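Chemist: The structure file model_21.cif (mmCIF, C-alpha atoms and all ligand atoms) is provided below.
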```cif
data_query
loop_
_atom_site.label_atom_id
_atom_site.label_comp_id
_atom_site.auth_asym_id
_atom_site.auth_seq_id
_atom_site.Cartn_x
_atom_site.Cartn_y
_atom_site.Cartn_z
CA MET S 298 56.13 -84.87 77.66
CA ASN S 299 55.65 -88.54 78.49
CA ARG S 300 58.68 -90.65 79.39
CA ARG S 301 58.57 -92.83 76.24
CA LYS S 302 58.44 -89.86 73.93
CA SER S 303 61.26 -88.11 75.69
CA ALA S 304 63.44 -91.26 75.46
CA ALA S 305 62.78 -91.46 71.70
CA ALA S 306 63.56 -87.74 71.28
CA HIS S 307 66.75 -88.19 73.29
CA LYS S 308 67.84 -91.13 71.13
CA LYS S 309 67.22 -89.13 67.96
CA ALA S 310 69.19 -86.15 69.27
CA MET S 311 72.07 -88.42 70.33
CA GLN S 312 72.14 -90.11 66.91
CA LYS S 313 72.29 -86.74 65.21
CA GLN S 314 75.10 -85.65 67.49
CA LYS S 315 77.02 -88.88 66.88
CA THR S 316 76.73 -88.45 63.12
CA GLY S 317 78.23 -84.96 63.43
CA VAL S 318 81.05 -86.11 65.72
CA ASP S 319 81.85 -89.10 63.48
CA ALA S 320 82.02 -86.82 60.43
CA ARG S 321 84.40 -84.45 62.20
CA ILE S 322 86.60 -87.37 63.36
CA ALA S 323 86.72 -88.68 59.77
CA GLN S 324 87.85 -85.24 58.58
CA ALA S 325 90.81 -85.12 60.98
CA THR S 326 93.32 -87.21 59.06
CA GLU S 327 96.63 -85.48 59.75
CA GLU S 328 98.83 -87.06 62.41
CA ARG S 329 101.49 -84.85 63.96
CA GLY S 330 102.44 -83.11 67.17
CA VAL S 331 100.57 -79.90 67.95
CA ALA S 332 101.53 -76.48 69.27
CA ILE S 333 99.32 -75.13 72.05
CA LEU S 334 99.13 -71.73 73.70
CA LEU S 335 97.48 -71.51 77.12
CA SER S 336 96.95 -67.85 77.93
CA GLY S 337 94.62 -65.56 79.86
CA ASP S 338 94.52 -63.98 83.31
CA GLY S 339 92.86 -66.82 85.23
CA LYS S 340 94.39 -69.67 87.21
CA GLY S 341 95.08 -72.94 85.42
CA LYS S 342 97.61 -72.42 82.61
CA THR S 343 100.67 -74.06 84.13
CA SER S 344 98.61 -76.75 85.81
CA ALA S 345 96.95 -77.63 82.49
CA ALA S 346 100.39 -77.90 80.86
CA PHE S 347 101.44 -80.31 83.59
CA GLY S 348 98.26 -82.27 82.96
CA MET S 349 99.61 -82.91 79.46
CA VAL S 350 102.97 -83.85 80.96
CA MET S 351 101.15 -86.51 82.95
CA ARG S 352 99.33 -87.76 79.86
CA THR S 353 102.56 -88.05 77.93
CA LEU S 354 104.19 -89.82 80.87
CA GLY S 355 101.45 -92.41 80.66
CA TYR S 356 102.88 -93.51 77.31
CA GLY S 357 106.47 -93.50 78.61
CA HIS S 358 107.78 -90.75 76.33
CA LYS S 359 110.64 -88.34 76.99
CA ILE S 360 109.57 -84.80 78.00
CA GLY S 361 111.35 -81.46 78.24
CA ILE S 362 110.15 -78.57 80.40
CA VAL S 363 111.62 -75.08 80.69
CA GLN S 364 110.11 -72.65 83.17
CA PHE S 365 110.82 -69.04 82.35
CA ILE S 366 110.15 -67.87 85.89
CA LYS S 367 111.97 -65.97 88.56
CA GLY S 368 113.13 -67.44 91.84
CA ALA S 369 114.00 -70.97 92.82
CA ARG S 370 110.91 -71.77 94.90
CA ASP S 371 109.97 -75.41 94.53
CA SER S 372 106.61 -76.47 93.19
CA GLY S 373 104.89 -79.79 93.80
CA GLU S 374 105.15 -80.79 90.16
CA ALA S 375 108.91 -80.11 90.04
CA LEU S 376 109.48 -82.05 93.26
CA TYR S 377 107.46 -85.00 92.01
CA LEU S 378 109.08 -85.13 88.58
CA ALA S 379 112.61 -84.85 89.98
CA ALA S 380 111.97 -87.71 92.41
CA ASN S 381 110.04 -90.05 90.14
CA CYS S 382 110.39 -89.30 86.45
CA PRO S 383 113.89 -89.63 84.98
CA GLN S 384 112.44 -89.28 81.46
CA VAL S 385 111.49 -85.67 82.25
CA GLU S 386 114.09 -82.91 82.09
CA LEU S 387 112.97 -79.77 83.90
CA TYR S 388 115.00 -76.57 83.72
CA ARG S 389 114.11 -73.41 85.59
CA MET S 390 115.42 -70.03 84.68
CA GLY S 391 115.22 -69.28 88.43
CA THR S 392 118.27 -67.74 89.96
CA GLY S 393 119.92 -65.04 87.93
CA PHE S 394 116.61 -63.54 86.97
CA THR S 395 116.29 -60.21 88.72
CA TRP S 396 112.87 -58.56 88.59
CA ASP S 397 113.76 -56.92 91.85
CA THR S 398 116.95 -55.23 90.77
CA GLN S 399 115.61 -54.82 87.23
CA ASP S 400 119.00 -55.46 85.74
CA ARG S 401 117.95 -55.98 82.15
CA ASP S 402 121.28 -57.38 80.97
CA LYS S 403 121.21 -60.07 83.66
CA ASP S 404 117.60 -60.91 82.83
CA VAL S 405 118.38 -61.25 79.16
CA ALA S 406 121.39 -63.47 79.93
CA ALA S 407 119.24 -65.74 82.13
CA ALA S 408 116.52 -65.87 79.48
CA GLU S 409 119.03 -66.75 76.77
CA GLN S 410 120.51 -69.50 78.92
CA ALA S 411 117.06 -70.98 79.50
CA TRP S 412 116.25 -70.64 75.80
CA ALA S 413 119.39 -72.61 74.88
CA VAL S 414 117.97 -75.53 76.90
CA ALA S 415 114.55 -75.10 75.25
CA ALA S 416 116.12 -74.99 71.78
CA ARG S 417 117.95 -78.27 72.46
CA MET S 418 114.69 -79.91 73.56
CA LEU S 419 112.86 -78.57 70.50
CA ALA S 420 115.51 -80.20 68.30
CA ASP S 421 115.41 -83.56 70.10
CA ASP S 422 113.63 -86.25 68.05
CA ASP S 423 113.03 -88.36 71.15
CA CYS S 424 111.33 -85.57 73.04
CA ARG S 425 107.58 -86.00 72.52
CA LEU S 426 106.39 -83.06 74.59
CA VAL S 427 108.07 -79.72 75.33
CA VAL S 428 106.54 -77.31 77.83
CA LEU S 429 107.69 -73.69 77.69
CA ASP S 430 106.10 -72.38 80.86
CA GLU S 431 105.67 -68.59 81.10
CA LEU S 432 107.53 -68.08 77.82
CA THR S 433 105.13 -65.31 76.78
CA TYR S 434 106.72 -62.87 79.24
CA MET S 435 110.09 -63.28 77.52
CA LEU S 436 108.33 -61.98 74.41
CA SER S 437 106.48 -59.14 76.12
CA TYR S 438 109.70 -57.89 77.73
CA ALA S 439 111.55 -58.54 74.46
CA TYR S 440 114.14 -60.59 76.37
CA LEU S 441 114.05 -63.17 73.58
CA ASP S 442 113.61 -62.68 69.86
CA GLU S 443 110.17 -63.67 68.58
CA GLY S 444 111.45 -64.73 65.14
CA MET S 445 114.03 -67.03 66.72
CA ILE S 446 111.38 -68.66 68.91
CA LEU S 447 108.88 -69.14 66.09
CA ALA S 448 111.57 -70.62 63.82
CA ALA S 449 112.56 -73.18 66.48
CA LEU S 450 108.90 -74.09 67.08
CA ALA S 451 108.34 -74.52 63.34
CA LYS S 452 111.42 -76.72 62.90
CA ARG S 453 110.66 -79.07 65.80
CA PRO S 454 110.27 -82.82 65.10
CA HIS S 455 107.09 -83.95 63.35
CA ASP S 456 105.66 -85.86 66.32
CA GLN S 457 106.68 -83.40 69.00
CA SER S 458 104.00 -81.32 70.72
CA VAL S 459 104.78 -78.05 72.43
CA VAL S 460 102.82 -76.16 75.07
CA VAL S 461 103.49 -72.48 75.75
CA THR S 462 101.92 -70.82 78.78
CA GLY S 463 101.58 -67.27 80.04
CA ARG S 464 99.38 -64.22 79.59
CA GLY S 465 99.47 -62.54 76.21
CA GLY S 466 101.96 -63.97 73.77
CA GLY S 467 101.40 -61.71 70.79
CA THR S 468 99.68 -62.12 67.45
CA ALA S 469 102.45 -64.02 65.65
CA LEU S 470 102.57 -66.76 68.29
CA ARG S 471 98.78 -67.01 68.35
CA GLU S 472 98.73 -67.39 64.60
CA PHE S 473 101.50 -69.97 64.59
CA VAL S 474 100.09 -72.41 67.16
CA ASP S 475 97.37 -74.96 66.37
CA THR S 476 95.36 -74.51 69.56
CA VAL S 477 94.81 -71.46 71.73
CA SER S 478 92.92 -71.50 75.01
CA GLU S 479 92.33 -68.54 77.24
CA VAL S 480 91.74 -69.09 80.95
CA LYS S 481 89.53 -66.28 82.15
CA ASN S 482 89.75 -64.96 85.69
CA ILE S 483 86.35 -64.85 87.34
CA LYS S 484 87.71 -64.69 90.86
CA HIS S 485 90.75 -65.96 92.74
CA ALA S 486 91.15 -66.88 96.40
CA PHE S 487 94.26 -64.69 96.71
CA LYS S 488 92.14 -61.58 96.14
CA ALA S 489 90.13 -62.55 99.24
CA GLY S 490 93.32 -62.70 101.29
CA ILE S 491 93.83 -66.46 101.16
CA LYS S 492 97.47 -67.54 100.99
CA ALA S 493 98.81 -69.56 98.06
CA CYS S 494 98.02 -73.18 98.87
CA GLU S 495 100.61 -75.99 98.76
CA GLY S 496 99.69 -78.64 96.20
CA VAL S 497 97.16 -76.34 94.52
CA ASP S 498 99.02 -73.13 93.71
CA PHE S 499 102.60 -74.42 93.85
P1 LIG S 501 98.64 -72.35 87.92
O1 LIG S 501 100.15 -72.50 88.07
O2 LIG S 501 97.97 -72.46 89.25
O3 LIG S 501 98.07 -73.22 86.87
P2 LIG S 501 98.68 -70.13 86.10
O4 LIG S 501 99.85 -70.75 85.46
O5 LIG S 501 97.42 -70.04 85.30
O6 LIG S 501 98.38 -70.83 87.49
P3 LIG S 501 100.33 -67.82 86.69
O7 LIG S 501 100.06 -66.45 86.20
O8 LIG S 501 101.49 -68.57 86.16
O9 LIG S 501 98.97 -68.65 86.55
O10 LIG S 501 100.44 -67.69 88.25
C1 LIG S 501 100.86 -68.71 89.07
C2 LIG S 501 100.42 -68.47 90.49
O11 LIG S 501 99.60 -67.32 90.61
C3 LIG S 501 99.58 -69.61 91.05
O12 LIG S 501 99.89 -69.73 92.41
C4 LIG S 501 98.17 -69.16 90.84
O13 LIG S 501 97.26 -69.69 91.79
C5 LIG S 501 98.30 -67.67 90.99
N1 LIG S 501 97.32 -66.99 90.11
C6 LIG S 501 96.98 -67.34 88.87
N2 LIG S 501 96.02 -66.53 88.38
C7 LIG S 501 95.76 -65.64 89.36
C8 LIG S 501 94.83 -64.53 89.49
N3 LIG S 501 94.01 -64.20 88.50
N4 LIG S 501 94.85 -63.83 90.67
C9 LIG S 501 95.68 -64.18 91.65
N5 LIG S 501 96.57 -65.19 91.60
C10 LIG S 501 96.61 -65.92 90.47
MG MG S 502 101.77 -70.29 85.16
#
```
As a first step, turn the structure in this file into C-alpha cells.
Ligand code: ATP
Ligand code: MG
Modeler:
Amino acid sequence: MNRRKSAAAHKKAMQKQKTGVDARIAQATEERGVAILLSGDGKGKTSAAFGMVMRTLGYGHKIGIVQFIKGARDSGEALYLAANCPQVELYRMGTGFTWDTQDRDKDVAAAEQAWAVAARMLADDDCRLVVLDELTYMLSYAYLDEGMILAALAKRPHDQSVVVTGRGGGTALREFVDTVSEVKNIKHAFKAGIKACEGVDF
C-alpha cells in the first residue's frame, strides 16, 4: 500500500471511530457517583483504588478509606496520606483481627468496628470517594451482613463514588455495582521467590 493511500485509509478509520465515540459520549447523560468492584486474583486491585484516591485528591475532595485487612503493617500509601493529606481519613481494621488464632468472635467484632467507620463515610455528603479495601473477604467469611452492606452502598450520597476491592465478592455485589473489573494473575514475582517490594507491593 502506498503511503498516501494508507494515510487516507487511516483518516477514514479514525473518523469512523470518532463518530462512534462521540455517539457513545452523547448517550451518557446521567451524572452521579459510581460503584466499582475491583476483583480477581492478580496484582493491582488496591493500587488501582489508590489511583482513584489520587485522582479525587486532585480536585480537593474529602475521601474515606477503610481497609479490611489484618495486621498493622504500614503501606506507602497510608504513610503518604497520613503525612500529607488531611482531607483523607484512613481506617485500618488491623489489630484485633486474628487470622492466626482464628477467633471468629474477635474477627467479627473487628469487622463490625471497621464497618461502623465505613457506614459513617458512606453517609457523609462531603465525602466524594469511599474506598472499601478488601471488603469482599468480610462477605466470603460472612463476618458482615451482605444486605446491610448493599443497603448502605445504595443509600450513599448521589455524588459519592465507592470502590470495593478483593477477590470474589459474590453475585449480589457484582450486580449492584456499576463497574466490575477483574485483574487476572498471569504471573507474580513472589512465586519466583522475590520478596514483596517496598513502594510496589506495600
Ligand atoms: P496491590 O495492593 O499490589 O494492588 P492487590 O490488592 O491486587 O495488590 P491483594 O490480594 O490485596 O492484591 O494482595 C496484596 C499483596 O499481595 C501485594 O503485596 C501484592 O503484590 C501481593 N499479590 C497480589 N496478587 C498476588 C498474586 N497473584 N500472587 C502473589 N502475590 C500477590
Ligand atoms: Mg489488595
Chemist: Do a neighbour search on segment 435-449 of chain S at 9 Å with all atoms listed in the file, toss out local chain neighbours closer than 5 positions, and write the hits as number ranges by chain.
Modeler: S: 365, 401, 404-406, 408-409, 412, 416, 419-420, 465-467, 469-470, 473
Chemist: Give me, please, the distance in Å between atom CA of Ser344 of chain S and atom CA of Asp421 of chain S, quoted to one decimal.
Modeler: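 Separating atom CA of Ser344 of chain S from atom CA of Asp421 of chain S is a distance of 24.0 Å.
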Chemist: Please report the interatomic distance between atom CA of Leu387 of chain S and atom CA of Tyr434 of chain S in Å with one decimal.
Modeler: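 For atom CA of Leu387 of chain S relative to atom CA of Tyr434 of chain S, the distance reads 18.6 Å.
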Chemist: Within 9 Å of ligand MG 502 (chain S), which residues of chain S come that close, and what is the closest atom pair and distance in Å for each? Count all atoms listed in the file and give it as a tab-separated table.
Modeler:
```
residue	atom	partner	partner_atom	distance
S:Lys340	CA	S:MG502	MG	7.7
S:Gly341	CA	S:MG502	MG	7.2
S:Lys342	CA	S:MG502	MG	5.3
S:Thr343	CA	S:MG502	MG	4.1
S:Ser344	CA	S:MG502	MG	7.2
S:Ala346	CA	S:MG502	MG	8.8
S:Gln364	CA	S:MG502	MG	8.9
S:Ile366	CA	S:MG502	MG	8.8
S:Asp430	CA	S:MG502	MG	6.5
S:Glu431	CA	S:MG502	MG	5.9
S:Thr462	CA	S:MG502	MG	6.4
S:Gly463	CA	S:MG502	MG	5.9
S:Arg464	CA	S:MG502	MG	8.6
```
Chemist: Using all atoms listed in the file, find each protein or nucleic acid residue lying at most 12 Å from ligand LIG 501 (chain S); present the set as number ranges by chain.
Modeler: S: 334-348, 364-367, 370-375, 429-434, 461-465, 478-499
Chemist: Return the single residue from S:Ile322, S:Leu354, S:Ala332, S:Val427 that is closest to Glu472 of chain S, with distances computed using all atoms listed in the file.
Modeler: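 Checking each candidate against Glu472 of chain S, we get S:Ala332 as the closest.
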Chemist: Which of these, S:Ala413, S:Gly357, S:Asp402, S:Thr476, has the shortest distance to Tyr388 of chain S once you count all atoms listed in the file?
Modeler: S:Ala413
Chemist: Would you work out the distance separating atom CA of Val474 of chain S from atom CA of Arg352 of chain S, expressed in Å to one decimal?
Modeler: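 Atom CA of Arg352 of chain S lies at a distance of 19.9 Å from atom CA of Val474 of chain S.
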Chemist: Pick out the closest residue to Gly330 of chain S from this set: S:Lys308, S:Lys403, S:Arg471, S:Arg425. Count all atoms listed in the file.
Modeler: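 Between S:Lys308, S:Lys403, S:Arg471, S:Arg425, the residue approaching Gly330 of chain S most closely is S:Arg425.
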Chemist: Which one is closest to Arg453 of chain S: S:His358, S:Leu378, S:Val331, S:Glu386? Count all atoms listed in the file.
Modeler: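 Nearest candidate to Arg453 of chain S out of S:His358, S:Leu378, S:Val331, S:Glu386: S:Val331.
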Chemist: Which residues, written as a list in words, have at least one atom at most 12 Å from Gln384 of chain S, with all atoms listed in the file counted and residues fewer than 6 positions away on the same chain left out?
Modeler: Val350, Met351, Thr353, Leu354, Gly355, Tyr356, Gly357, His358, Lys359, Ile360, Gly361, Ile362, Leu378, Asp423, Cys424, Arg425 and Leu426 of chain S
Chemist: Taking N, CA, C and O atoms as the atom set, what does segment 419-430 of chain S look like once completed, written as an mmCIF file, keeping the file's coordinate frame?
Modeler:
```cif
data_model
loop_
_atom_site.group_PDB
_atom_site.id
_atom_site.type_symbol
_atom_site.label_atom_id
_atom_site.label_comp_id
_atom_site.auth_asym_id
_atom_site.auth_seq_id
_atom_site.Cartn_x
_atom_site.Cartn_y
_atom_site.Cartn_z
ATOM 1 N N LEU S 419 113.681 -78.704 71.712
ATOM 2 C CA LEU S 419 112.860 -78.570 70.500
ATOM 3 C C LEU S 419 113.516 -79.224 69.285
ATOM 4 O O LEU S 419 112.865 -79.419 68.257
ATOM 5 N N ALA S 420 114.804 -79.549 69.408
ATOM 6 C CA ALA S 420 115.510 -80.200 68.300
ATOM 7 C C ALA S 420 115.709 -81.697 68.563
ATOM 8 O O ALA S 420 116.313 -82.395 67.752
ATOM 9 N N ASP S 421 115.179 -82.166 69.680
ATOM 10 C CA ASP S 421 115.410 -83.560 70.100
ATOM 11 C C ASP S 421 114.273 -84.458 69.574
ATOM 12 O O ASP S 421 113.131 -84.365 70.024
ATOM 13 N N ASP S 422 114.625 -85.345 68.657
ATOM 14 C CA ASP S 422 113.630 -86.250 68.050
ATOM 15 C C ASP S 422 112.926 -87.136 69.064
ATOM 16 O O ASP S 422 111.801 -87.575 68.838
ATOM 17 N N ASP S 423 113.616 -87.448 70.156
ATOM 18 C CA ASP S 423 113.030 -88.360 71.150
ATOM 19 C C ASP S 423 112.056 -87.657 72.090
ATOM 20 O O ASP S 423 111.303 -88.295 72.810
ATOM 21 N N CYS S 424 112.131 -86.347 72.097
ATOM 22 C CA CYS S 424 111.330 -85.570 73.040
ATOM 23 C C CYS S 424 109.914 -85.406 72.469
ATOM 24 O O CYS S 424 109.722 -84.725 71.479
ATOM 25 N N ARG S 425 108.924 -85.996 73.098
ATOM 26 C CA ARG S 425 107.580 -86.000 72.520
ATOM 27 C C ARG S 425 106.765 -84.786 72.945
ATOM 28 O O ARG S 425 105.851 -84.367 72.258
ATOM 29 N N LEU S 426 107.117 -84.238 74.115
ATOM 30 C CA LEU S 426 106.390 -83.060 74.590
ATOM 31 C C LEU S 426 107.389 -82.054 75.167
ATOM 32 O O LEU S 426 108.274 -82.432 75.940
ATOM 33 N N VAL S 427 107.245 -80.788 74.759
ATOM 34 C CA VAL S 427 108.070 -79.720 75.330
ATOM 35 C C VAL S 427 107.127 -78.680 75.915
ATOM 36 O O VAL S 427 106.207 -78.203 75.240
ATOM 37 N N VAL S 428 107.340 -78.351 77.182
ATOM 38 C CA VAL S 428 106.540 -77.310 77.830
ATOM 39 C C VAL S 428 107.434 -76.080 78.026
ATOM 40 O O VAL S 428 108.528 -76.184 78.591
ATOM 41 N N LEU S 429 106.965 -74.956 77.529
ATOM 42 C CA LEU S 429 107.690 -73.690 77.690
ATOM 43 C C LEU S 429 106.830 -72.800 78.572
ATOM 44 O O LEU S 429 106.027 -71.983 78.092
ATOM 45 N N ASP S 430 106.974 -73.008 79.875
ATOM 46 C CA ASP S 430 106.100 -72.380 80.860
ATOM 47 C C ASP S 430 106.471 -70.916 81.068
ATOM 48 O O ASP S 430 107.632 -70.612 81.336
#
```
